[in-house]
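Peer 1: What follows is work_11.txt; its format and atoms are compact mmCIF, C-alpha atoms and all ligand atoms.
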# COMPACT_ATOMS: atom_id res chain seq x y z
CA MET J 1 3.61 6.05 -23.24
CA ARG J 2 1.63 2.88 -22.51
CA VAL J 3 2.72 1.11 -19.35
CA LEU J 4 1.70 -2.25 -17.96
CA THR J 5 1.79 -2.10 -14.15
CA ILE J 6 2.29 -5.31 -12.21
CA ASN J 7 1.68 -5.79 -8.51
CA SER J 8 2.71 -9.34 -7.77
CA GLY J 9 1.78 -10.68 -4.32
CA SER J 10 2.16 -14.10 -2.74
CA SER J 11 -0.95 -15.61 -4.37
CA SER J 12 -2.17 -12.81 -6.61
CA VAL J 13 -1.09 -10.53 -9.46
CA LYS J 14 -2.87 -7.20 -10.03
CA TYR J 15 -2.33 -5.39 -13.31
CA GLN J 16 -3.34 -2.28 -15.20
CA PHE J 17 -2.49 -1.01 -18.63
CA ILE J 18 -2.17 2.76 -18.41
CA ASP J 19 -1.79 5.51 -21.00
CA THR J 20 0.48 8.00 -19.23
CA ASP J 21 -0.44 10.82 -21.65
CA THR J 22 -4.11 10.75 -20.71
CA LYS J 23 -3.49 9.12 -17.27
CA GLN J 24 -6.32 6.73 -18.16
CA SER J 25 -6.39 3.03 -17.39
CA LEU J 26 -7.15 1.08 -20.57
CA CYS J 27 -7.83 -2.14 -18.69
CA ARG J 28 -7.21 -3.69 -15.33
CA GLY J 29 -7.46 -7.04 -13.69
CA LEU J 30 -6.53 -9.48 -11.00
CA VAL J 31 -5.29 -13.05 -10.93
CA GLU J 32 -6.22 -14.62 -7.60
CA ARG J 33 -5.45 -17.82 -5.75
CA ILE J 34 -2.26 -18.59 -7.68
CA GLY J 35 -1.07 -22.07 -6.80
CA ILE J 36 -4.30 -22.73 -4.87
CA SER J 37 -7.38 -24.38 -6.37
CA GLY J 38 -9.90 -22.15 -8.15
CA THR J 39 -7.42 -19.69 -9.65
CA ASN J 40 -8.96 -17.18 -11.99
CA LEU J 41 -8.18 -14.01 -13.85
CA SER J 42 -10.82 -11.28 -13.80
CA HIS J 43 -10.29 -8.62 -16.44
CA THR J 44 -12.14 -5.34 -17.01
CA ARG J 45 -11.67 -3.10 -20.02
CA HIS J 46 -12.09 0.70 -19.79
CA ASP J 47 -15.47 0.46 -21.53
CA GLY J 48 -16.77 -1.86 -18.81
CA VAL J 49 -16.47 -5.12 -20.81
CA LYS J 50 -15.53 -7.86 -18.35
CA THR J 51 -14.41 -11.45 -18.54
CA ILE J 52 -13.19 -14.15 -16.17
CA ILE J 53 -10.68 -16.77 -17.26
CA SER J 54 -10.27 -19.88 -15.17
CA ASP J 55 -7.42 -21.58 -17.01
CA ASN J 56 -4.96 -23.52 -14.96
CA ILE J 57 -2.75 -20.77 -13.49
CA VAL J 58 -0.23 -22.64 -11.41
CA ASN J 59 2.40 -19.98 -10.76
CA HIS J 60 3.31 -16.33 -11.31
CA GLU J 61 4.83 -17.10 -14.69
CA THR J 62 1.59 -18.56 -16.05
CA ALA J 63 -0.32 -15.70 -14.44
CA ILE J 64 1.74 -13.14 -16.41
CA GLU J 65 1.35 -15.30 -19.53
CA GLN J 66 -2.45 -15.15 -19.18
CA ILE J 67 -2.37 -11.39 -18.54
CA LEU J 68 -0.39 -10.85 -21.75
CA LYS J 69 -2.81 -13.11 -23.64
CA ILE J 70 -5.84 -11.15 -22.49
CA LEU J 71 -4.19 -7.81 -23.40
CA VAL J 72 -4.07 -8.91 -27.07
CA HIS J 73 -7.31 -10.94 -27.01
CA PRO J 74 -9.40 -10.09 -30.11
CA GLN J 75 -12.60 -9.70 -28.06
CA PHE J 76 -11.46 -8.52 -24.61
CA GLY J 77 -8.03 -7.03 -25.31
CA VAL J 78 -6.90 -3.44 -25.85
CA ILE J 79 -3.91 -3.91 -28.19
CA SER J 80 -3.21 -6.14 -31.17
CA ASP J 81 0.48 -6.78 -30.51
CA LEU J 82 2.56 -7.01 -27.32
CA LYS J 83 5.02 -4.59 -28.94
CA GLU J 84 2.46 -1.88 -28.16
CA ILE J 85 3.49 -2.18 -24.49
CA ASP J 86 6.13 0.54 -24.08
CA ALA J 87 7.29 -0.50 -20.61
CA VAL J 88 6.41 -2.51 -17.51
CA GLY J 89 6.31 -0.92 -14.05
CA HIS J 90 6.54 -3.22 -11.04
CA ARG J 91 5.40 -2.48 -7.51
CA LEU J 92 8.25 -3.60 -5.28
CA VAL J 93 7.70 -3.50 -1.52
CA HIS J 94 11.05 -3.09 0.20
CA ALA J 95 14.21 -1.46 -1.15
CA GLY J 96 15.97 -1.51 2.21
CA ASP J 97 18.93 0.84 1.90
CA LYS J 98 19.76 -0.46 -1.59
CA PHE J 99 17.58 1.89 -3.68
CA LYS J 100 16.45 5.41 -2.90
CA GLN J 101 14.47 5.87 -6.13
CA SER J 102 12.61 3.91 -8.78
CA VAL J 103 15.03 2.04 -11.05
CA LEU J 104 15.37 0.61 -14.52
CA ILE J 105 15.81 -3.12 -13.99
CA ASP J 106 19.08 -4.25 -15.59
CA GLU J 107 21.27 -7.23 -14.66
CA GLU J 108 22.95 -5.41 -11.76
CA VAL J 109 19.66 -4.15 -10.32
CA ARG J 110 18.12 -7.60 -10.72
CA GLU J 111 20.86 -9.07 -8.53
CA LYS J 112 20.39 -6.37 -5.92
CA LEU J 113 16.64 -7.09 -5.79
CA TYR J 114 17.49 -10.55 -4.51
CA GLU J 115 19.65 -8.94 -1.80
CA CYS J 116 16.55 -6.98 -0.70
CA ILE J 117 14.67 -10.21 0.12
CA GLU J 118 16.13 -10.27 3.62
CA TYR J 119 14.27 -7.04 4.43
CA ALA J 120 10.82 -8.39 3.54
CA PRO J 121 10.91 -12.17 3.19
CA LEU J 122 7.12 -12.35 2.93
CA HIS J 123 6.67 -9.59 0.33
CA ASN J 124 9.78 -9.28 -1.84
CA PRO J 125 10.01 -12.85 -3.27
CA PRO J 126 6.60 -12.74 -5.01
CA ASN J 127 7.45 -9.23 -6.33
CA ILE J 128 10.62 -10.63 -7.88
CA LYS J 129 8.68 -13.53 -9.44
CA GLY J 130 6.61 -10.91 -11.30
CA VAL J 131 9.78 -9.17 -12.51
CA GLU J 132 11.36 -12.44 -13.67
CA ALA J 133 8.23 -13.54 -15.54
CA SER J 134 7.93 -10.16 -17.25
CA LEU J 135 11.62 -10.13 -18.28
CA GLU J 136 11.18 -13.56 -19.80
CA LYS J 137 7.84 -13.05 -21.56
CA LEU J 138 8.51 -9.53 -22.85
CA PRO J 139 12.09 -9.52 -24.10
CA GLY J 140 13.31 -6.12 -25.25
CA ILE J 141 10.71 -4.18 -23.23
CA SER J 142 12.00 -2.02 -20.35
CA ASN J 143 11.05 -2.93 -16.79
CA VAL J 144 11.10 -0.39 -13.95
CA GLY J 145 10.90 -1.12 -10.21
CA VAL J 146 8.88 1.33 -8.08
CA PHE J 147 9.37 0.81 -4.35
CA ASP J 148 6.86 1.30 -1.53
CA THR J 149 9.70 2.70 0.54
CA THR J 150 10.75 5.49 -1.86
CA PHE J 151 8.34 8.21 -0.73
CA HIS J 152 9.72 7.93 2.80
CA VAL J 153 13.44 8.24 2.01
CA ASN J 154 13.69 11.83 3.21
CA MET J 155 12.38 11.19 6.72
CA PRO J 156 14.63 12.85 9.29
CA ASP J 157 17.07 10.59 11.14
CA TYR J 158 15.29 11.07 14.49
CA ALA J 159 12.08 9.69 12.90
CA TYR J 160 13.69 6.58 11.41
CA THR J 161 16.15 5.63 14.15
CA TYR J 162 15.22 2.84 16.59
CA GLY J 163 16.39 2.67 20.20
CA ILE J 164 18.94 -0.07 19.48
CA PRO J 165 22.74 0.08 19.23
CA TYR J 166 23.63 2.39 16.33
CA SER J 167 25.84 -0.31 14.81
CA TYR J 168 22.69 -2.24 13.81
CA TYR J 169 21.68 0.70 11.65
CA LYS J 170 25.18 1.20 10.24
CA ASN J 171 25.96 -2.48 9.62
CA HIS J 172 22.55 -4.04 9.03
CA GLY J 173 20.36 -1.17 7.80
CA ILE J 174 17.90 -1.60 10.66
CA ARG J 175 15.76 1.55 10.72
CA ARG J 176 12.23 2.67 9.90
CA TYR J 177 11.64 2.55 6.13
CA GLY J 178 7.85 2.90 5.78
CA PHE J 179 5.58 1.42 3.11
CA HIS J 180 2.51 2.20 0.94
CA GLY J 181 4.65 5.07 -0.41
CA SER J 182 2.94 5.28 -3.82
CA SER J 183 -0.46 5.52 -2.14
CA HIS J 184 0.56 8.19 0.39
CA TYR J 185 2.26 10.13 -2.42
CA TYR J 186 -0.79 9.92 -4.68
CA VAL J 187 -3.43 10.98 -2.15
CA ALA J 188 -1.28 13.78 -0.68
CA HIS J 189 -0.72 15.30 -4.15
CA ARG J 190 -4.33 14.76 -5.15
CA ALA J 191 -5.53 16.49 -1.95
CA ALA J 192 -3.40 19.55 -2.76
CA GLU J 193 -4.72 19.54 -6.35
CA ILE J 194 -8.37 19.30 -5.25
CA LEU J 195 -7.89 22.14 -2.75
CA GLY J 196 -6.07 24.22 -5.38
CA LYS J 197 -3.03 24.62 -3.10
CA ASP J 198 0.69 24.10 -3.55
CA ILE J 199 1.61 20.88 -1.71
CA LYS J 200 4.75 22.65 -0.44
CA SER J 201 2.50 24.89 1.68
CA LEU J 202 0.50 22.06 3.27
CA LYS J 203 0.71 19.76 6.29
CA ILE J 204 -1.17 16.60 5.35
CA ILE J 205 -1.87 13.40 7.29
CA THR J 206 -2.58 10.51 4.93
CA CYS J 207 -4.32 7.42 6.34
CA HIS J 208 -4.06 4.35 4.09
CA LEU J 209 -6.44 1.90 5.77
CA GLY J 210 -6.85 -1.50 4.18
CA ASN J 211 -5.88 -5.03 5.06
CA GLY J 212 -2.46 -3.46 5.63
CA SER J 213 -2.71 0.02 7.15
CA SER J 214 -0.29 2.89 7.58
CA ILE J 215 -0.39 6.61 8.27
CA THR J 216 2.05 9.27 7.11
CA ALA J 217 2.83 12.85 8.08
CA VAL J 218 3.49 14.79 4.86
CA LYS J 219 4.98 18.24 5.37
CA GLY J 220 5.61 20.38 2.30
CA GLY J 221 5.23 17.28 0.12
CA VAL J 222 7.83 15.27 2.08
CA SER J 223 7.06 12.22 4.23
CA VAL J 224 8.46 13.28 7.62
CA ASP J 225 7.18 10.29 9.58
CA THR J 226 5.21 7.13 8.93
CA SER J 227 3.79 4.34 11.06
CA MET J 228 5.17 1.23 9.34
CA GLY J 229 8.77 0.55 10.21
CA PHE J 230 11.60 -1.78 9.28
CA THR J 231 8.82 -4.11 8.14
CA PRO J 232 5.11 -3.57 7.45
CA LEU J 233 4.34 -5.06 10.89
CA GLU J 234 4.71 -1.85 12.90
CA GLY J 235 2.17 0.90 13.49
CA LEU J 236 -1.60 0.76 13.20
CA LEU J 237 -3.65 -2.32 13.99
CA MET J 238 -4.17 -4.27 10.74
CA GLY J 239 -6.25 -7.12 9.34
CA THR J 240 -3.97 -9.84 10.67
CA ARG J 241 -0.88 -7.88 11.85
CA CYS J 242 -0.52 -6.71 15.43
CA GLY J 243 0.93 -3.25 14.73
CA ASP J 244 2.68 -1.49 17.65
CA ILE J 245 3.33 -3.90 20.50
CA ASP J 246 5.60 -4.24 23.52
CA PRO J 247 8.43 -6.48 22.18
CA GLY J 248 8.18 -8.26 25.55
CA VAL J 249 4.85 -9.72 24.39
CA ILE J 250 6.65 -11.38 21.46
CA PHE J 251 9.21 -13.05 23.74
CA THR J 252 6.51 -14.20 26.16
CA ILE J 253 4.14 -15.68 23.57
CA ALA J 254 7.02 -17.27 21.63
CA SER J 255 8.27 -18.86 24.82
CA ARG J 256 4.82 -20.10 25.97
CA GLU J 257 3.98 -21.50 22.49
CA ASN J 258 7.50 -22.80 21.83
CA PHE J 259 7.69 -20.78 18.62
CA ASP J 260 10.91 -20.52 16.66
CA ILE J 261 11.66 -17.18 14.95
CA GLY J 262 9.79 -18.12 11.75
CA GLN J 263 6.70 -19.26 13.68
CA ALA J 264 6.72 -16.10 15.79
CA ASN J 265 7.02 -13.96 12.63
CA ALA J 266 4.09 -15.79 11.02
CA PHE J 267 1.98 -15.51 14.20
CA PHE J 268 2.36 -11.74 14.60
CA ASN J 269 1.85 -11.17 10.85
CA LYS J 270 -1.01 -13.57 10.18
CA GLN J 271 -2.96 -14.35 13.34
CA CYS J 272 -3.16 -11.02 15.14
CA GLY J 273 -4.72 -7.62 14.48
CA ILE J 274 -8.46 -7.39 13.86
CA GLN J 275 -8.59 -11.12 13.21
CA GLY J 276 -6.88 -11.91 16.51
CA ILE J 277 -8.92 -9.55 18.70
CA SER J 278 -12.28 -10.43 17.12
CA GLY J 279 -11.55 -14.15 16.84
CA LEU J 280 -13.73 -13.91 13.72
CA THR J 281 -12.28 -12.32 10.62
CA ASN J 282 -9.83 -9.75 9.25
CA ASP J 283 -12.56 -8.21 7.09
CA MET J 284 -13.71 -4.82 8.37
CA ARG J 285 -17.14 -5.08 6.71
CA GLU J 286 -17.89 -8.26 8.66
CA ILE J 287 -16.46 -6.73 11.84
CA GLU J 288 -18.80 -3.76 11.52
CA ALA J 289 -21.78 -6.06 10.93
CA GLU J 290 -20.88 -8.26 13.92
CA ALA J 291 -20.27 -5.22 16.13
CA GLU J 292 -23.71 -3.94 15.16
CA ASN J 293 -25.13 -7.32 16.21
CA GLY J 294 -23.62 -6.84 19.66
CA ASN J 295 -20.54 -9.10 19.39
CA TYR J 296 -18.16 -7.79 22.11
CA GLN J 297 -14.88 -8.86 20.48
CA ALA J 298 -15.90 -7.34 17.14
CA GLN J 299 -16.82 -4.10 18.93
CA LEU J 300 -13.47 -4.18 20.72
CA ALA J 301 -11.52 -4.75 17.47
CA LEU J 302 -13.28 -1.77 15.91
CA LYS J 303 -12.55 0.39 18.96
CA VAL J 304 -8.88 -0.60 19.15
CA PHE J 305 -8.44 0.03 15.42
CA SER J 306 -10.04 3.50 15.59
CA TYR J 307 -8.40 4.49 18.90
CA ARG J 308 -4.91 3.71 17.61
CA LEU J 309 -5.61 5.68 14.47
CA LYS J 310 -6.77 8.64 16.57
CA LYS J 311 -3.55 8.51 18.61
CA TYR J 312 -1.39 8.52 15.47
CA ILE J 313 -3.35 11.40 13.92
CA ALA J 314 -2.90 13.47 17.08
CA SER J 315 0.80 12.61 17.33
CA TYR J 316 1.43 13.60 13.70
CA MET J 317 -0.30 16.91 14.42
CA GLY J 318 2.33 17.27 17.13
CA VAL J 319 5.11 16.32 14.70
CA MET J 320 4.02 18.97 12.16
CA ASN J 321 2.70 21.62 14.58
CA GLY J 322 -0.84 21.03 13.29
CA ALA J 323 -2.39 19.74 10.09
CA ASP J 324 -4.26 21.36 7.22
CA VAL J 325 -5.67 18.15 5.77
CA ILE J 326 -6.39 14.58 6.82
CA VAL J 327 -6.96 12.11 3.96
CA PHE J 328 -8.58 8.69 4.20
CA THR J 329 -7.89 6.06 1.55
CA GLY J 330 -7.65 2.26 1.10
CA GLY J 331 -10.59 -0.19 1.34
CA ILE J 332 -11.46 0.83 4.92
CA GLY J 333 -10.52 4.51 4.64
CA GLU J 334 -12.55 4.98 1.47
CA ASN J 335 -15.61 3.04 2.61
CA SER J 336 -15.96 2.92 6.37
CA ASP J 337 -17.76 5.99 7.67
CA VAL J 338 -17.81 4.20 11.04
CA VAL J 339 -13.99 4.06 11.33
CA ARG J 340 -13.67 7.64 10.06
CA SER J 341 -16.13 9.00 12.60
CA MET J 342 -14.83 6.90 15.52
CA SER J 343 -11.20 7.87 14.90
CA LEU J 344 -11.98 11.59 14.56
CA SER J 345 -14.55 11.84 17.35
CA GLU J 346 -13.94 14.45 20.04
CA MET J 347 -11.07 16.10 18.22
CA ASP J 348 -12.78 19.47 17.77
CA ASN J 349 -10.24 21.04 20.14
CA LEU J 350 -7.63 20.06 17.56
CA GLY J 351 -9.67 21.72 14.81
CA ILE J 352 -11.23 18.54 13.37
CA LYS J 353 -14.98 18.51 12.79
CA LEU J 354 -16.65 16.01 10.48
CA ASP J 355 -19.87 16.67 8.60
CA ALA J 356 -21.71 13.58 9.89
CA LYS J 357 -24.15 13.44 6.98
CA ILE J 358 -21.55 13.76 4.23
CA ASN J 359 -19.25 11.30 6.00
CA LYS J 360 -22.03 8.72 6.25
CA ALA J 361 -22.86 9.04 2.57
CA THR J 362 -19.27 8.90 1.26
CA ARG J 363 -17.95 5.72 -0.38
CA SER J 364 -14.91 5.61 -2.65
CA SER J 365 -15.31 9.05 -4.15
CA GLU J 366 -13.23 12.21 -3.86
CA THR J 367 -15.15 14.11 -1.18
CA ILE J 368 -14.46 16.68 1.53
CA ILE J 369 -16.16 15.17 4.59
CA SER J 370 -15.31 17.84 7.19
CA ALA J 371 -17.77 20.54 8.22
CA ASP J 372 -17.35 23.90 6.48
CA SER J 373 -16.33 25.36 9.86
CA SER J 374 -13.59 22.74 10.41
CA PRO J 375 -10.10 24.34 10.34
CA VAL J 376 -8.66 20.94 9.35
CA LYS J 377 -10.08 19.67 6.06
CA VAL J 378 -10.88 15.94 6.08
CA MET J 379 -11.07 14.20 2.72
CA VAL J 380 -11.77 10.80 1.21
CA ILE J 381 -9.61 10.15 -1.87
CA PRO J 382 -9.57 6.75 -3.59
CA THR J 383 -5.95 5.75 -4.01
CA ASN J 384 -4.30 5.07 -7.38
CA GLU J 385 -0.95 3.40 -6.77
CA GLU J 386 -0.92 2.05 -10.32
CA LEU J 387 -0.97 5.54 -11.82
CA VAL J 388 2.03 6.52 -9.65
CA ILE J 389 3.85 3.36 -10.79
CA ALA J 390 3.08 4.11 -14.46
CA MET J 391 4.17 7.77 -14.18
CA GLU J 392 7.34 6.78 -12.32
CA THR J 393 8.07 4.18 -15.00
CA GLN J 394 7.76 6.83 -17.69
CA ARG J 395 9.94 9.26 -15.71
CA VAL J 396 12.72 6.71 -15.28
CA ILE J 397 12.63 5.67 -18.93
CA MET J 398 12.67 9.27 -20.16
CA GLY J 399 15.54 9.99 -17.75
CA GLU J 400 13.65 12.86 -16.12
CA ASN J 401 14.52 14.15 -12.66
CA GLN J 402 12.25 13.61 -9.68
CA ASP J 403 10.34 16.71 -8.60
P1 LIG V 501 -7.75 -3.09 0.83
O1 LIG V 501 -6.65 -3.90 1.46
O2 LIG V 501 -7.38 -1.65 0.61
O3 LIG V 501 -8.35 -3.74 -0.38
O4 LIG V 501 -8.94 -3.03 1.91
C1 LIG V 501 -9.58 -4.18 2.37
C2 LIG V 501 -10.40 -3.83 3.61
O5 LIG V 501 -11.38 -2.83 3.28
C3 LIG V 501 -11.16 -5.03 4.17
O6 LIG V 501 -11.03 -5.06 5.58
C4 LIG V 501 -12.59 -4.70 3.80
O7 LIG V 501 -13.53 -5.26 4.69
C5 LIG V 501 -12.60 -3.20 3.93
N1 LIG V 501 -13.77 -2.63 3.28
C6 LIG V 501 -14.11 -2.65 1.98
N2 LIG V 501 -15.35 -2.10 1.80
C7 LIG V 501 -15.79 -1.72 3.03
C8 LIG V 501 -17.00 -1.11 3.52
N3 LIG V 501 -17.99 -0.77 2.71
N4 LIG V 501 -17.08 -0.87 4.86
C9 LIG V 501 -16.09 -1.21 5.69
N5 LIG V 501 -14.93 -1.80 5.29
C10 LIG V 501 -14.79 -2.06 3.98
Spit out the file's structure as structure tokens when you get a sec.
Peer 2:
Amino acid sequence: MRVLTINSGSSSVKYQFIDTDTKQSLCRGLVERIGISGTNLSHTRHDGVKTIISDNIVNHETAIEQILKILVHPQFGVISDLKEIDAVGHRLVHAGDKFKQSVLIDEEVREKLYECIEYAPLHNPPNIKGVEASLEKLPGISNVGVFDTTFHVNMPDYAYTYGIPYSYYKNHGIRRYGFHGSSHYYVAHRAAEILGKDIKSLKIITCHLGNGSSITAVKGGVSVDTSMGFTPLEGLLMGTRCGDIDPGVIFTIASRENFDIGQANAFFNKQCGIQGISGLTNDMREIEAEAENGNYQAQLALKVFSYRLKKYIASYMGVMNGADVIVFTGGIGENSDVVRSMSLSEMDNLGIKLDAKINKATRSSETIISADSSPVKVMVIPTNEELVIAMETQRVIMGENQD
């Protein structure tokens, strides 16, 4: 089956066209700065041929239109007719308590997707724009929604329940849901495959560290706890999100700044985290460079980021009575040897020992970076959320059961 995957964000749309039989990506690309000046579509075919299109892309609909055009482009495309697309798989962030699995998008599901907006008002609306544009531009082709929350649906109740009146869970669905599910799922399964072990026998801690970051405890293939919560604001320190915080800080800052709820939400999502502490940037590469140059706030941001990660890793070892594997993925996890070594320093009593040389040399490639003598294996595995979305899309369309 050939599946077009669409990951539609607030000002960007990422896509891949994947052959699920060979698990190969035939082409991939990104439309950036939608609705802002300087929008462009960068497209790369499997054979390395690249092109950039800077046509006027004013909204998500025109972005999808351009993506479909490039797929059938005589010079840069990979198919000659849009009918060669068997299905479209959409990354959808938050299912709330409405969907426990990936779904075929029919009229009823489409309506329910709008009901999910209240769970993630920043993330779900642009996802839905991608779905709407695809339904309109590709009539007759099946669309499947794959949720970030799905991998976490089997968390135990004591891991997802907040310390608030139970009626807010029962009546309003307020609980931990967790995100980045396709990424945690992919790297956990890939780790088991690389080690030649059955995932059911393993305790794995997966660290997805990017602009948004989350960490998951995967026991026997099941997500038993994860750091993001009701929204993607909880947990680790992130590019611009505060992560775990005393809720009292929110009341105090909102009161001092005269923020209404929307302003407070935007502040803690967009002006905090690494950006807020450093006062410079949310980009980890720049933070590392500035820290190296002696900038105190950049050094502090790096330390806070790594220290929080260390605390979560240790706590998930407590949750699972140890760990066999720790996996790093995402832009920071795959590339930053500095974050990896800072977060795992002085954890030899917990059985974690990095091979400093291999760690330093590892960028975005599947590599075991722990010392041979380390009881806990530490790995870098580049994530592949799109492949999970494509495989899920195929599974739903073929009516197969989840494993
Ligand atoms: P993502 O959201 O997964 O695309 O990750 C984006 C983050 O990865 C940004 O903070 C980047 O600065 C960071 N990143 C990418 N490459 C590197 C690198 N070589 N060293 C450190 N951080 C990096």
Peer 1: I'd like the neighbourhood of J:Met238 as a list in words, where a residue qualifies if any of its atoms comes within 10 Å (using only C-alpha atoms), though same-chain residues fewer than 4 positions away should be ignored.
Peer 2: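 Skipping anything fewer than 4 positions along the chain leaves Leu209, Gly210, Asn211, Gly212, Ser213, Ser214, Pro232, Leu233, Glu234, Cys242, Gly243, Asn269, Lys270, Cys272, Gly273, Ile274, Gln275, Gly276, Asn282, Asp283, Met284, Ala301 and Phe305 of chain J.
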Peer 1: Between J:Glu84, J:Glu385, J:Asp260, J:Asp246, which one has atoms that come closest to ligand LIG 501 (chain V), using only C-alpha atoms and all ligand atoms?
Peer 2: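 Smallest separation from ligand LIG 501 (chain V) among the options: J:Glu385.
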Peer 1: Between J:Asp47, J:Glu334, J:Glu107, J:Asp148, which one has atoms that come closest to J:Asn7, using all atoms listed in the file?
Peer 2: J:Asp148
Peer 1: Using all atoms listed in the file, give me every residue within 9 Å of (4.6, -12.4, 16.9) in file coordinates, as a ChimeraX atom specification.
Peer 2: /J:241-242,247,249-251,253-254,261,263-272
Peer 1: Which of these residues is nearest to J:Glu136, using all atoms listed in the file: J:Arg190, J:His60, J:Arg363, J:Lys50?
Peer 2: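 Among the listed residues, the smallest separation from J:Glu136 belongs to J:His60.
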Peer 1: Identify which of the residues J:Lys303, J:His180, J:Lys310, J:Arg175 lies closest to J:Thr149, counting only C-alpha atoms when measuring atom-to-atom distances.
Peer 2: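 Among J:Lys303, J:His180, J:Lys310, J:Arg175, it is J:His180 that comes nearest to J:Thr149.
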Peer 1: Need to verify the contact set: J:Asn321, 12 Å, all atoms listed in the file, exclusion of same-chain residues closer than 3 positions in sequence. Can you return it as a list in words?
Peer 2: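 Once the nearby chain positions are removed, what remains is Leu202, Lys203, Ile204, Ile205, Ala217, Val218, Lys219, Ile313, Ala314, Ser315, Tyr316, Met317, Gly318, Asp324 and Leu350 of chain J.
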Peer 1: With the input short on atoms, add N, CA, C and O atoms back to stretch 302-315 of chain J and write it as a PDB file, in the coordinates of the input.
Peer 2:
ATOM      1  N   LEU J 302     -12.963  -3.036  16.566  1.00  0.00           N
ATOM      2  CA  LEU J 302     -13.280  -1.770  15.910  1.00  0.00           C
ATOM      3  C   LEU J 302     -12.787  -0.582  16.753  1.00  0.00           C
ATOM      4  O   LEU J 302     -12.227   0.388  16.240  1.00  0.00           O
ATOM      5  N   LYS J 303     -12.981  -0.703  18.069  1.00  0.00           N
ATOM      6  CA  LYS J 303     -12.550   0.390  18.960  1.00  0.00           C
ATOM      7  C   LYS J 303     -11.033   0.498  19.003  1.00  0.00           C
ATOM      8  O   LYS J 303     -10.482   1.593  18.973  1.00  0.00           O
ATOM      9  N   VAL J 304     -10.346  -0.638  19.088  1.00  0.00           N
ATOM     10  CA  VAL J 304      -8.880  -0.600  19.150  1.00  0.00           C
ATOM     11  C   VAL J 304      -8.331  -0.013  17.849  1.00  0.00           C
ATOM     12  O   VAL J 304      -7.451   0.856  17.860  1.00  0.00           O
ATOM     13  N   PHE J 305      -8.893  -0.465  16.725  1.00  0.00           N
ATOM     14  CA  PHE J 305      -8.440   0.030  15.420  1.00  0.00           C
ATOM     15  C   PHE J 305      -8.578   1.559  15.356  1.00  0.00           C
ATOM     16  O   PHE J 305      -7.634   2.281  15.010  1.00  0.00           O
ATOM     17  N   SER J 306      -9.754   2.062  15.721  1.00  0.00           N
ATOM     18  CA  SER J 306     -10.040   3.500  15.590  1.00  0.00           C
ATOM     19  C   SER J 306      -9.262   4.320  16.620  1.00  0.00           C
ATOM     20  O   SER J 306      -8.785   5.416  16.316  1.00  0.00           O
ATOM     21  N   TYR J 307      -9.111   3.777  17.834  1.00  0.00           N
ATOM     22  CA  TYR J 307      -8.400   4.490  18.900  1.00  0.00           C
ATOM     23  C   TYR J 307      -6.923   4.672  18.545  1.00  0.00           C
ATOM     24  O   TYR J 307      -6.342   5.736  18.720  1.00  0.00           O
ATOM     25  N   ARG J 308      -6.337   3.614  17.990  1.00  0.00           N
ATOM     26  CA  ARG J 308      -4.910   3.710  17.610  1.00  0.00           C
ATOM     27  C   ARG J 308      -4.724   4.726  16.492  1.00  0.00           C
ATOM     28  O   ARG J 308      -3.758   5.463  16.454  1.00  0.00           O
ATOM     29  N   LEU J 309      -5.683   4.726  15.574  1.00  0.00           N
ATOM     30  CA  LEU J 309      -5.610   5.680  14.470  1.00  0.00           C
ATOM     31  C   LEU J 309      -5.688   7.104  15.010  1.00  0.00           C
ATOM     32  O   LEU J 309      -4.911   7.987  14.623  1.00  0.00           O
ATOM     33  N   LYS J 310      -6.618   7.315  15.941  1.00  0.00           N
ATOM     34  CA  LYS J 310      -6.770   8.640  16.570  1.00  0.00           C
ATOM     35  C   LYS J 310      -5.453   9.085  17.211  1.00  0.00           C
ATOM     36  O   LYS J 310      -5.003  10.225  17.044  1.00  0.00           O
ATOM     37  N   LYS J 311      -4.812   8.161  17.923  1.00  0.00           N
ATOM     38  CA  LYS J 311      -3.550   8.510  18.610  1.00  0.00           C
ATOM     39  C   LYS J 311      -2.480   8.917  17.593  1.00  0.00           C
ATOM     40  O   LYS J 311      -1.730   9.862  17.798  1.00  0.00           O
ATOM     41  N   TYR J 312      -2.390   8.183  16.490  1.00  0.00           N
ATOM     42  CA  TYR J 312      -1.390   8.520  15.470  1.00  0.00           C
ATOM     43  C   TYR J 312      -1.696   9.873  14.828  1.00  0.00           C
ATOM     44  O   TYR J 312      -0.791  10.672  14.578  1.00  0.00           O
ATOM     45  N   ILE J 313      -2.991  10.118  14.555  1.00  0.00           N
ATOM     46  CA  ILE J 313      -3.350  11.400  13.920  1.00  0.00           C
ATOM     47  C   ILE J 313      -2.917  12.543  14.840  1.00  0.00           C
ATOM     48  O   ILE J 313      -2.265  13.498  14.408  1.00  0.00           O
ATOM     49  N   ALA J 314      -3.249  12.404  16.127  1.00  0.00           N
ATOM     50  CA  ALA J 314      -2.900  13.470  17.080  1.00  0.00           C
ATOM     51  C   ALA J 314      -1.382  13.619  17.189  1.00  0.00           C
ATOM     52  O   ALA J 314      -0.856  14.739  17.262  1.00  0.00           O
ATOM     53  N   SER J 315      -0.661  12.507  17.173  1.00  0.00           N
ATOM     54  CA  SER J 315       0.800  12.610  17.330  1.00  0.00           C
ATOM     55  C   SER J 315       1.428  13.247  16.079  1.00  0.00           C
ATOM     56  O   SER J 315       2.376  14.020  16.190  1.00  0.00           O
TER      57      SER J 315
END
